[in-house]
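Okay, so here's the structure we're looking at.
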Amino acid sequence: MTSPDLHHLRPDFVWGVATSAYQIEGAVEEGTRTPSIWDVFSHTPGRTHHGDTGDVACDHWHRWADDLDLLVDLGIPAYRLSLSWPRLQPSGEGELDARAVREYRQLLSGMRDRGIRPFVTLYHWDLPQELEDAGGWPVRRTARAFAVYAGLVADALGDLVEDWITINEPWCASVLGYALGVHAPGRTDWRDAVAAAHHLNLAHGMAVADIRASNPAARIGVTNIIADLLAADPQRDAAAVARLDALNHGLFLDPVFLGAYGVEVHALLDPYGLSEVILPGDEETIAQPLDFVGVNHYQQVIVAGAPGAGPAEVSERPGGSRHTSFGWSITPSALTRVLVQVRDRYTSLPIYITENGASFTDYVTPDGEVHDPERSEYLSGYVEAIDAAAADGVDVAGYFAWSFLDNYEWAEGYDKRFGLVWVDFHTQKRIPKDSARHYGSLIRTHQQAALPASGLSA
Ligand code: GBH
C-alpha cells in the first residue's frame, strides 16, 4: 500500500476516528436511562434489518477503558464520540443524572489520561422518547429542550472537552426520520420533516448560545452530511441537482452560515410549511458564530429529474465505477470538490471531516486477522483528496475515519461493517483490521513530516 503525500495538511492537523453513542454503547437499561426514539424504533418489528437493535452493540459502556487503550495502541490521537441524551437526562428535561455524568466524566478523563483529544457530539439521533411523545423535532419545544440539555452538559463536562459538535446530520434526523420513515421515529410526512429540520437548526443555534454561556472557551461546530452531486445530463438535470442540493445541503447550511434560508430552499419547501415555522428572530439565532464546520462525506451521486419522488423530485444513482458494500461510490475527488464548495459557498472557517469511511464485506481469515486492502486504499485516496483541497487553500483542520469499531449501522443493523476494528458481536472480541494499522501509519507519516516544518516556522 503506497503512502500518499500529505504535505499540504497543516502541522497540527487532527487525526481521529468517530463513533456515536447508540451505535456502540449498549447498556440500554443501565441506571436511569430511558428509551430513545432509536430503542423504540429498533424494537418495532420490521423496522431494522433482522430486527437488530443497539441493546448490546459493542458493549462499549462496559469496555470503554480497553477500547481507549486500543486507540493508543493504534496511534490514534483524537476520538469523536457522542453522548447519550436519555442516559444523561432521562426524561429530556430537568437535572442531569449524577451517575451518568460521573461515568462520562470517567470516560473523558480516561481519554485525557491517555492523551486522546475528544470531539463530543451532543446529538447523534437518540432523542429521548418522552420528547418524541410530546411532539418530537416537529415541535418547537424540542429545540429549547435540547439547548437546555446542551448547557447542562457543558456545565458538567466542559472542563474535559474543548471541541463540541451540536448536531450530527440534521438531514438524516429530519428527512430520514420524519419524511422517509427509514430512521427513527419512522414518520412519513414531509411537513413534519421540514418543521423538524428548522427546529434542529434552531436547536443548534440555541445550544451554541447556551454552551458559550457556560463555557466561553468552548470551540463549537455543527456537522452536516454533504454529497457530491453531479447532473446525469448537465443541461437536462441541472435544476434537479439544484433542488436536491437545496434539500440536502441548503436547508441546513444556508441559515447557519449565510444567515437565512436561500430562495431555492424556500421555493422547494414553502409548499411544505417552511415559512410558517420560521418565527421572527429564528434566523439570527441559528446563525451564531462558530469555530469550525463539520463535514461527513460518503458519496458522489448522479442526479436526474424524476416527477413525484418527494419535494426534490429526483432520482439518484451512485457515481464512479467502484462501490462499497452499501453501493456508495468510491470517488475520492468528490471529497475535494465538496470541501472546495463548502469554502466557496459557505465559510472560510476550519473544516473537519467528522466522518468518512466505507463498509466492505470483511471477514476473519483462519490466521485470526481481517485483511481489508480496499479500506486501506479508500483511506489513502480520501486523505489524499483532503490534501488536494488544502493545496487549493481550503483550511482543512482534521479528519475522523468512520468508524473506530464495527457497530450498529442503524436500520441496516450489524451486517454493514464500517470499523477499522472488527467486532465479534457474540464474544465482543476486537480485532484491528489491516486498515487500522494502515491508518496509523498514514498518521505517523504526516506527523513525522510535520514536526520539522512546524519547528522551522515557529
Ligand atoms: C452517517 O450517516 C452517520 O452519521 C453514522 O452514524 C453512520 O453510521 C454512517 O454515516 C454510515 O452510514 O438513506 O434509506 O438509504 C450517513 C447517512 C443514513 C446513509 C442511512 C445510509 C441508509 C438508509 N446514512 N442510510 S437510506
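Going through the C-alpha cells in order, the chains are called A, B, and so on, while each chain numbers its residues from 1 and the ligands are numbered from 1 in the order shown.
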Close residues to ligand 1 using only C-alpha atoms and all ligand atoms, limit 7 Å, as a list in words: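 My answer, listing the contacting residues, is Ser20, Asn168, Glu169, Cys172, Leu176, Val182, Ile225, Trp402, Glu409, Trp410, Ala411 and Glu412 of chain A.
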Tell me, counting only C-alpha atoms, for each residue of stretch 322-398 of chain A within 12 Å of stretch 443-452 of chain A, which pair of atoms is nearest and how far apart they are in Å to one decimal, in rows ordered by chain and increasing number, as CSV.
residue,atom,partner,partner_atom,distance
A:Leu379,CA,A:Ile443,CA,11.1
A:Ser380,CA,A:Ile443,CA,10.7
A:Val383,CA,A:Ile443,CA,10.2
A:Glu384,CA,A:His446,CA,11.4
A:Asp387,CA,A:His446,CA,10.9
A:Gly398,CA,A:Ile443,CA,11.2
Please measure the separation of atom CA of A:Gln288 and atom CA of A:His204, giving the value in Å to one decimal.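 Interatomic distance here is 8.9 Å.
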Closest atom pairs, stretch 321-421 of chain A residues within 8 Å of stretch 227-238 of chain A, only C-alpha atoms, as a Markdown table:
| residue | atom | partner | partner_atom | distance |
| --- | --- | --- | --- | --- |
| A:Ala334 | CA | A:Asp228 | CA | 5.6 |
| A:Leu335 | CA | A:Asp228 | CA | 7.3 |
| A:Arg337 | CA | A:Asp228 | CA | 7.1 |
| A:Val338 | CA | A:Asp228 | CA | 6.0 |
Could you please take those selected residues and save C-alpha atoms as a CSV table (one decimal), in the first residue's frame?
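After the write, result16.csv holds the following:
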chain,number,residue,atom,x,y,z
A,334,ALA,CA,-15.7,14.0,-4.8
A,335,LEU,CA,-14.4,15.0,-1.3
A,337,ARG,CA,-14.9,19.1,-4.6
A,338,VAL,CA,-17.2,19.1,-1.5
Contacts of A:Arg430 within 12 Å, only C-alpha atoms, excl. fewer than 2 positions in-chain, as a ChimeraX atom specification: /A:58-60,63,66-67,69-71,364,368-370,404-407,419-428,432-433,436
Could you state the separation of atom CA of A:Val293 and atom CA of A:Pro350 in Å, given to one decimal place? 6.4 Å
Excluding stretch 184-186 of chain A and any residue of its chain fewer than 6 positions from it, enumerate the residues within 7 Å of it, using only C-alpha atoms, and give them as a PDB file with all heavy atoms, in the first residue's frame.
ATOM      1  N   ILE A  37     -35.689   7.379  20.864  1.00  0.00           N
ATOM      2  CA  ILE A  37     -36.502   7.008  19.693  1.00  0.00           C
ATOM      3  C   ILE A  37     -35.878   5.819  18.961  1.00  0.00           C
ATOM      4  O   ILE A  37     -36.600   5.043  18.342  1.00  0.00           O
ATOM      5  CB  ILE A  37     -36.712   8.196  18.720  1.00  0.00           C
ATOM      6  CG1 ILE A  37     -35.389   8.818  18.255  1.00  0.00           C
ATOM      7  CG2 ILE A  37     -37.620   9.239  19.379  1.00  0.00           C
ATOM      8  CD1 ILE A  37     -35.568   9.936  17.203  1.00  0.00           C
ATOM      9  N   TRP A  38     -34.565   5.645  19.072  1.00  0.00           N
ATOM     10  CA  TRP A  38     -33.930   4.508  18.404  1.00  0.00           C
ATOM     11  C   TRP A  38     -34.174   3.196  19.134  1.00  0.00           C
ATOM     12  O   TRP A  38     -34.270   2.140  18.496  1.00  0.00           O
ATOM     13  CB  TRP A  38     -32.442   4.761  18.157  1.00  0.00           C
ATOM     14  CG  TRP A  38     -32.295   5.364  16.786  1.00  0.00           C
ATOM     15  CD1 TRP A  38     -32.180   6.689  16.483  1.00  0.00           C
ATOM     16  CD2 TRP A  38     -32.350   4.650  15.541  1.00  0.00           C
ATOM     17  NE1 TRP A  38     -32.139   6.845  15.107  1.00  0.00           N
ATOM     18  CE2 TRP A  38     -32.241   5.615  14.512  1.00  0.00           C
ATOM     19  CE3 TRP A  38     -32.483   3.307  15.186  1.00  0.00           C
ATOM     20  CZ2 TRP A  38     -32.257   5.266  13.147  1.00  0.00           C
ATOM     21  CZ3 TRP A  38     -32.500   2.964  13.838  1.00  0.00           C
ATOM     22  CH2 TRP A  38     -32.391   3.928  12.841  1.00  0.00           C
ATOM     23  N   PHE A  41     -37.811   2.469  17.967  1.00  0.00           N
ATOM     24  CA  PHE A  41     -37.842   2.154  16.533  1.00  0.00           C
ATOM     25  C   PHE A  41     -37.231   0.776  16.274  1.00  0.00           C
ATOM     26  O   PHE A  41     -37.812  -0.055  15.568  1.00  0.00           O
ATOM     27  CB  PHE A  41     -37.073   3.241  15.784  1.00  0.00           C
ATOM     28  CG  PHE A  41     -37.094   3.152  14.286  1.00  0.00           C
ATOM     29  CD1 PHE A  41     -38.185   3.605  13.548  1.00  0.00           C
ATOM     30  CD2 PHE A  41     -35.988   2.652  13.595  1.00  0.00           C
ATOM     31  CE1 PHE A  41     -38.185   3.555  12.154  1.00  0.00           C
ATOM     32  CE2 PHE A  41     -35.984   2.600  12.196  1.00  0.00           C
ATOM     33  CZ  PHE A  41     -37.077   3.053  11.487  1.00  0.00           C
ATOM     34  N   GLY A 177     -35.935  10.503   9.228  1.00  0.00           N
ATOM     35  CA  GLY A 177     -36.753  10.167  10.395  1.00  0.00           C
ATOM     36  C   GLY A 177     -38.208  10.557  10.280  1.00  0.00           C
ATOM     37  O   GLY A 177     -39.092   9.849  10.768  1.00  0.00           O
ATOM     38  N   TYR A 178     -38.492  11.690   9.615  1.00  0.00           N
ATOM     39  CA  TYR A 178     -39.866  12.215   9.643  1.00  0.00           C
ATOM     40  C   TYR A 178     -40.560  12.220   8.283  1.00  0.00           C
ATOM     41  O   TYR A 178     -41.780  12.324   8.224  1.00  0.00           O
ATOM     42  CB  TYR A 178     -39.875  13.628  10.249  1.00  0.00           C
ATOM     43  CG  TYR A 178     -39.612  13.631  11.746  1.00  0.00           C
ATOM     44  CD1 TYR A 178     -38.324  13.752  12.257  1.00  0.00           C
ATOM     45  CD2 TYR A 178     -40.665  13.475  12.661  1.00  0.00           C
ATOM     46  CE1 TYR A 178     -38.086  13.735  13.620  1.00  0.00           C
ATOM     47  CE2 TYR A 178     -40.427  13.465  14.031  1.00  0.00           C
ATOM     48  CZ  TYR A 178     -39.141  13.593  14.511  1.00  0.00           C
ATOM     49  OH  TYR A 178     -38.904  13.569  15.867  1.00  0.00           O
TER      50      TYR A 178
END
Which of these residues is nearest to A:Gly205, using only C-alpha atoms: A:Gly181, A:Gly259, A:Gly92, A:Pro318? A:Gly259
Looking only at the backbone, which of the residues in stretch 36-244 of chain A does DSSP tag as strand (DSSP E), as a compact mmCIF listing (two decimals) with N, CA, C and O atoms, in the first residue's frame?
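Result file is result31.txt:
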# COMPACT_ATOMS: atom_id res chain seq x y z
N ALA A 78 -7.07 11.41 18.22
CA ALA A 78 -8.33 12.11 18.53
C ALA A 78 -9.50 11.15 18.35
O ALA A 78 -9.43 10.21 17.55
N TYR A 79 -10.56 11.40 19.08
CA TYR A 79 -11.71 10.50 19.04
C TYR A 79 -12.99 11.32 19.13
O TYR A 79 -13.20 12.07 20.09
N ARG A 80 -13.84 11.18 18.12
CA ARG A 80 -15.14 11.84 18.12
C ARG A 80 -16.18 10.85 18.60
O ARG A 80 -16.36 9.79 17.99
N LEU A 81 -16.84 11.19 19.70
CA LEU A 81 -17.87 10.33 20.27
C LEU A 81 -19.13 11.17 20.50
O LEU A 81 -19.07 12.40 20.50
N SER A 82 -20.26 10.50 20.70
CA SER A 82 -21.45 11.28 21.07
C SER A 82 -21.92 10.84 22.45
O SER A 82 -21.58 9.76 22.93
N ARG A 117 -7.58 13.31 22.27
CA ARG A 117 -8.38 14.55 22.27
C ARG A 117 -9.83 14.25 21.91
O ARG A 117 -10.10 13.70 20.84
N PRO A 118 -10.76 14.62 22.79
CA PRO A 118 -12.17 14.35 22.49
C PRO A 118 -12.83 15.42 21.61
O PRO A 118 -12.58 16.61 21.78
N PHE A 119 -13.64 14.99 20.68
CA PHE A 119 -14.60 15.84 19.97
C PHE A 119 -15.97 15.26 20.32
O PHE A 119 -16.23 14.10 20.00
N VAL A 120 -16.78 16.04 20.98
CA VAL A 120 -18.02 15.50 21.54
C VAL A 120 -19.24 16.00 20.77
O VAL A 120 -19.47 17.21 20.67
N THR A 121 -20.00 15.05 20.24
CA THR A 121 -21.26 15.37 19.57
C THR A 121 -22.39 15.30 20.60
O THR A 121 -22.54 14.30 21.30
N LEU A 122 -23.19 16.35 20.66
CA LEU A 122 -24.27 16.39 21.65
C LEU A 122 -25.52 15.67 21.17
O LEU A 122 -26.29 15.17 21.99
N TYR A 123 -25.76 15.63 19.87
CA TYR A 123 -26.95 14.92 19.38
C TYR A 123 -26.62 14.10 18.15
O TYR A 123 -26.39 14.64 17.07
N ASP A 163 -13.82 20.74 22.27
CA ASP A 163 -14.42 20.77 20.93
C ASP A 163 -15.78 20.09 20.95
O ASP A 163 -15.89 18.89 21.28
N TRP A 164 -16.80 20.86 20.61
CA TRP A 164 -18.18 20.38 20.66
C TRP A 164 -18.81 20.42 19.28
O TRP A 164 -18.64 21.40 18.54
N ILE A 165 -19.58 19.39 18.96
CA ILE A 165 -20.42 19.39 17.76
C ILE A 165 -21.85 19.32 18.26
O ILE A 165 -22.20 18.41 19.02
N THR A 166 -22.64 20.30 17.90
CA THR A 166 -24.00 20.33 18.43
C THR A 166 -24.82 19.15 17.91
O THR A 166 -25.33 18.34 18.69
N ILE A 167 -24.96 19.08 16.58
CA ILE A 167 -25.89 18.11 15.99
C ILE A 167 -25.21 17.40 14.83
O ILE A 167 -24.51 18.03 14.03
N ASN A 168 -25.40 16.09 14.77
CA ASN A 168 -24.89 15.31 13.65
C ASN A 168 -25.96 15.13 12.59
O ASN A 168 -27.02 14.58 12.87
N ARG A 219 -14.88 25.44 21.75
CA ARG A 219 -14.91 25.56 20.29
C ARG A 219 -16.09 24.73 19.80
O ARG A 219 -16.25 23.57 20.20
N ILE A 220 -16.92 25.33 18.96
CA ILE A 220 -18.20 24.70 18.61
C ILE A 220 -18.40 24.68 17.10
O ILE A 220 -18.11 25.66 16.41
N GLY A 221 -18.94 23.56 16.62
CA GLY A 221 -19.31 23.45 15.22
C GLY A 221 -20.57 22.60 15.08
O GLY A 221 -21.13 22.12 16.07
N VAL A 222 -21.01 22.43 13.84
CA VAL A 222 -22.15 21.56 13.55
C VAL A 222 -21.74 20.70 12.37
O VAL A 222 -20.95 21.13 11.52
N THR A 223 -22.25 19.48 12.33
CA THR A 223 -21.84 18.53 11.29
C THR A 223 -22.99 18.23 10.34
O THR A 223 -24.08 17.85 10.77
N ASN A 224 -22.70 18.39 9.05
CA ASN A 224 -23.67 18.01 8.02
C ASN A 224 -23.10 16.94 7.11
O ASN A 224 -21.90 16.85 6.91
N ILE A 225 -24.00 16.15 6.56
CA ILE A 225 -23.59 15.16 5.56
C ILE A 225 -23.67 15.84 4.19
O ILE A 225 -24.70 16.41 3.83
N ASP A 228 -21.43 14.82 -3.08
CA ASP A 228 -21.03 15.50 -4.31
C ASP A 228 -22.10 15.17 -5.35
O ASP A 228 -22.25 14.01 -5.74
N LEU A 229 -22.86 16.17 -5.73
CA LEU A 229 -24.00 15.93 -6.65
C LEU A 229 -23.60 16.31 -8.07
O LEU A 229 -23.14 17.43 -8.32
N LEU A 230 -23.80 15.38 -8.99
CA LEU A 230 -23.49 15.63 -10.40
C LEU A 230 -24.75 15.40 -11.22
O LEU A 230 -25.51 14.46 -10.94
N ALA A 231 -24.97 16.22 -12.23
CA ALA A 231 -26.12 16.04 -13.10
C ALA A 231 -25.88 14.87 -14.05
O ALA A 231 -24.80 14.75 -14.63
What lies within 9 Å of A:Val153 using only C-alpha atoms, ignoring chain neighbours under 3 positions off, as number ranges by chain? A: 88, 96, 101, 122, 148-150, 156-158, 211
Exercise: A:Glu132 partners within 9 Å, only C-alpha atoms, chain neighbours under 4 positions left out, as a PDB file with all heavy atoms, in the first residue's frame:
ATOM      1  N   SER A  36     -34.651   5.855  23.981  1.00  0.00           N
ATOM      2  CA  SER A  36     -34.619   6.919  22.983  1.00  0.00           C
ATOM      3  C   SER A  36     -35.518   6.482  21.821  1.00  0.00           C
ATOM      4  O   SER A  36     -36.005   5.341  21.783  1.00  0.00           O
ATOM      5  CB  SER A  36     -33.200   7.131  22.466  1.00  0.00           C
ATOM      6  OG  SER A  36     -32.853   6.090  21.565  1.00  0.00           O
ATOM      7  N   ILE A  37     -35.689   7.379  20.864  1.00  0.00           N
ATOM      8  CA  ILE A  37     -36.502   7.008  19.693  1.00  0.00           C
ATOM      9  C   ILE A  37     -35.878   5.819  18.961  1.00  0.00           C
ATOM     10  O   ILE A  37     -36.600   5.043  18.342  1.00  0.00           O
ATOM     11  CB  ILE A  37     -36.712   8.196  18.720  1.00  0.00           C
ATOM     12  CG1 ILE A  37     -35.389   8.818  18.255  1.00  0.00           C
ATOM     13  CG2 ILE A  37     -37.620   9.239  19.379  1.00  0.00           C
ATOM     14  CD1 ILE A  37     -35.568   9.936  17.203  1.00  0.00           C
ATOM     15  N   LEU A 127     -32.929  10.878  20.421  1.00  0.00           N
ATOM     16  CA  LEU A 127     -33.864  11.735  21.167  1.00  0.00           C
ATOM     17  C   LEU A 127     -34.574  10.912  22.245  1.00  0.00           C
ATOM     18  O   LEU A 127     -35.069   9.816  21.961  1.00  0.00           O
ATOM     19  CB  LEU A 127     -34.912  12.291  20.190  1.00  0.00           C
ATOM     20  CG  LEU A 127     -35.921  13.293  20.760  1.00  0.00           C
ATOM     21  CD1 LEU A 127     -35.255  14.635  21.036  1.00  0.00           C
ATOM     22  CD2 LEU A 127     -37.095  13.488  19.785  1.00  0.00           C
ATOM     23  N   PRO A 128     -34.663  11.431  23.486  1.00  0.00           N
ATOM     24  CA  PRO A 128     -35.478  10.720  24.486  1.00  0.00           C
ATOM     25  C   PRO A 128     -36.907  10.521  23.953  1.00  0.00           C
ATOM     26  O   PRO A 128     -37.524  11.459  23.444  1.00  0.00           O
ATOM     27  CB  PRO A 128     -35.452  11.661  25.693  1.00  0.00           C
ATOM     28  CG  PRO A 128     -34.174  12.435  25.551  1.00  0.00           C
ATOM     29  CD  PRO A 128     -33.998  12.622  24.061  1.00  0.00           C
ATOM     30  N   GLY A 136     -41.817  15.619  19.391  1.00  0.00           N
ATOM     31  CA  GLY A 136     -40.548  15.388  18.690  1.00  0.00           C
ATOM     32  C   GLY A 136     -40.021  16.647  18.027  1.00  0.00           C
ATOM     33  O   GLY A 136     -40.401  17.768  18.355  1.00  0.00           O
ATOM     34  N   TRP A 137     -39.129  16.458  17.063  1.00  0.00           N
ATOM     35  CA  TRP A 137     -38.497  17.609  16.407  1.00  0.00           C
ATOM     36  C   TRP A 137     -39.461  18.509  15.641  1.00  0.00           C
ATOM     37  O   TRP A 137     -39.181  19.700  15.478  1.00  0.00           O
ATOM     38  CB  TRP A 137     -37.339  17.148  15.514  1.00  0.00           C
ATOM     39  CG  TRP A 137     -36.140  16.731  16.318  1.00  0.00           C
ATOM     40  CD1 TRP A 137     -35.643  15.470  16.462  1.00  0.00           C
ATOM     41  CD2 TRP A 137     -35.293  17.579  17.114  1.00  0.00           C
ATOM     42  NE1 TRP A 137     -34.537  15.471  17.301  1.00  0.00           N
ATOM     43  CE2 TRP A 137     -34.302  16.757  17.709  1.00  0.00           C
ATOM     44  CE3 TRP A 137     -35.270  18.950  17.389  1.00  0.00           C
ATOM     45  CZ2 TRP A 137     -33.303  17.265  18.550  1.00  0.00           C
ATOM     46  CZ3 TRP A 137     -34.276  19.451  18.220  1.00  0.00           C
ATOM     47  CH2 TRP A 137     -33.314  18.624  18.791  1.00  0.00           C
ATOM     48  N   THR A 142     -38.933  21.176  21.466  1.00  0.00           N
ATOM     49  CA  THR A 142     -37.806  20.242  21.465  1.00  0.00           C
ATOM     50  C   THR A 142     -36.481  20.982  21.278  1.00  0.00           C
ATOM     51  O   THR A 142     -35.457  20.587  21.850  1.00  0.00           O
ATOM     52  CB  THR A 142     -38.020  19.166  20.379  1.00  0.00           C
ATOM     53  OG1 THR A 142     -39.290  18.549  20.617  1.00  0.00           O
ATOM     54  CG2 THR A 142     -36.946  18.093  20.410  1.00  0.00           C
ATOM     55  N   PRO A 185     -37.961   8.651  14.179  1.00  0.00           N
ATOM     56  CA  PRO A 185     -39.048   7.842  14.742  1.00  0.00           C
ATOM     57  C   PRO A 185     -39.932   7.160  13.697  1.00  0.00           C
ATOM     58  O   PRO A 185     -40.968   6.600  14.049  1.00  0.00           O
ATOM     59  CB  PRO A 185     -39.855   8.889  15.522  1.00  0.00           C
ATOM     60  CG  PRO A 185     -39.688  10.147  14.722  1.00  0.00           C
ATOM     61  CD  PRO A 185     -38.288  10.103  14.169  1.00  0.00           C
TER      62      PRO A 185
END
Atom pair atom CA of A:Ala304 / atom CA of A:Leu244: separation (Å):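 Distance between the two atoms: 9.8 Å.
Candidate residues A:Arg343, A:Arg33, A:Arg437, A:Lys416 were compared for distance to A:His371, and the nearest is A:Arg437, using only C-alpha atoms.
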Which of stretch 67-193 of chain A fall in alpha helix (DSSP H), as a PyMOL selection string: chain A and resi 67-74+85-88+98-114+129-133+141-157+170-171+190-193
For the residues in that selection, give me C-alpha atoms as a CSV table (one decimal), in the first residue's frame.
chain,number,residue,atom,x,y,z
A,67,ASP,CA,-11.3,0.5,23.8
A,68,LEU,CA,-9.4,3.6,24.7
A,69,ASP,CA,-6.2,1.5,25.2
A,70,LEU,CA,-6.8,0.2,21.7
A,71,LEU,CA,-6.8,3.7,20.3
A,72,VAL,CA,-3.5,4.3,22.0
A,73,ASP,CA,-2.1,1.1,20.6
A,74,LEU,CA,-3.2,2.1,17.1
A,85,TRP,CA,-29.2,12.2,25.9
A,86,PRO,CA,-31.6,9.7,27.5
A,87,ARG,CA,-28.7,8.4,29.7
A,88,LEU,CA,-27.7,11.9,30.8
A,98,ALA,CA,-25.5,12.2,38.5
A,99,ARG,CA,-24.3,8.6,37.8
A,100,ALA,CA,-24.3,9.1,34.1
A,101,VAL,CA,-22.4,12.3,34.5
A,102,ARG,CA,-19.9,10.5,36.7
A,103,GLU,CA,-19.5,7.7,34.1
A,104,TYR,CA,-19.0,10.1,31.2
A,105,ARG,CA,-16.5,12.0,33.3
A,106,GLN,CA,-14.6,8.8,33.8
A,107,LEU,CA,-14.6,8.1,30.1
A,108,LEU,CA,-13.4,11.6,29.2
A,109,SER,CA,-10.8,11.6,32.0
A,110,GLY,CA,-9.6,8.3,30.6
A,111,MET,CA,-9.1,10.0,27.3
A,112,ARG,CA,-7.3,12.9,28.9
A,113,ASP,CA,-5.0,10.4,30.8
A,114,ARG,CA,-4.2,8.7,27.6
A,129,GLN,CA,-38.7,9.0,23.5
A,130,GLU,CA,-40.6,11.2,26.0
A,131,LEU,CA,-39.8,14.2,23.9
A,132,GLU,CA,-40.9,12.4,20.8
A,133,ASP,CA,-44.2,11.6,22.5
A,141,ARG,CA,-40.3,23.0,22.4
A,142,THR,CA,-37.8,20.2,21.5
A,143,ALA,CA,-35.3,22.8,20.3
A,144,ARG,CA,-35.4,24.6,23.6
A,145,ALA,CA,-35.2,21.3,25.5
A,146,PHE,CA,-32.0,20.5,23.5
A,147,ALA,CA,-30.4,23.8,24.3
A,148,VAL,CA,-31.1,23.5,28.0
A,149,TYR,CA,-29.6,20.0,27.9
A,150,ALA,CA,-26.6,21.2,26.0
A,151,GLY,CA,-25.9,23.9,28.5
A,152,LEU,CA,-26.2,21.5,31.4
A,153,VAL,CA,-23.8,19.1,29.7
A,154,ALA,CA,-21.3,21.9,29.1
A,155,ASP,CA,-21.5,22.8,32.8
A,156,ALA,CA,-21.0,19.2,33.8
A,157,LEU,CA,-18.3,18.1,31.3
A,170,PRO,CA,-29.8,17.2,10.8
A,171,TRP,CA,-30.7,16.0,7.3
A,190,TRP,CA,-42.8,16.0,4.6
A,191,ARG,CA,-44.4,18.8,6.6
A,192,ASP,CA,-43.2,17.2,9.8
A,193,ALA,CA,-39.7,16.7,8.3
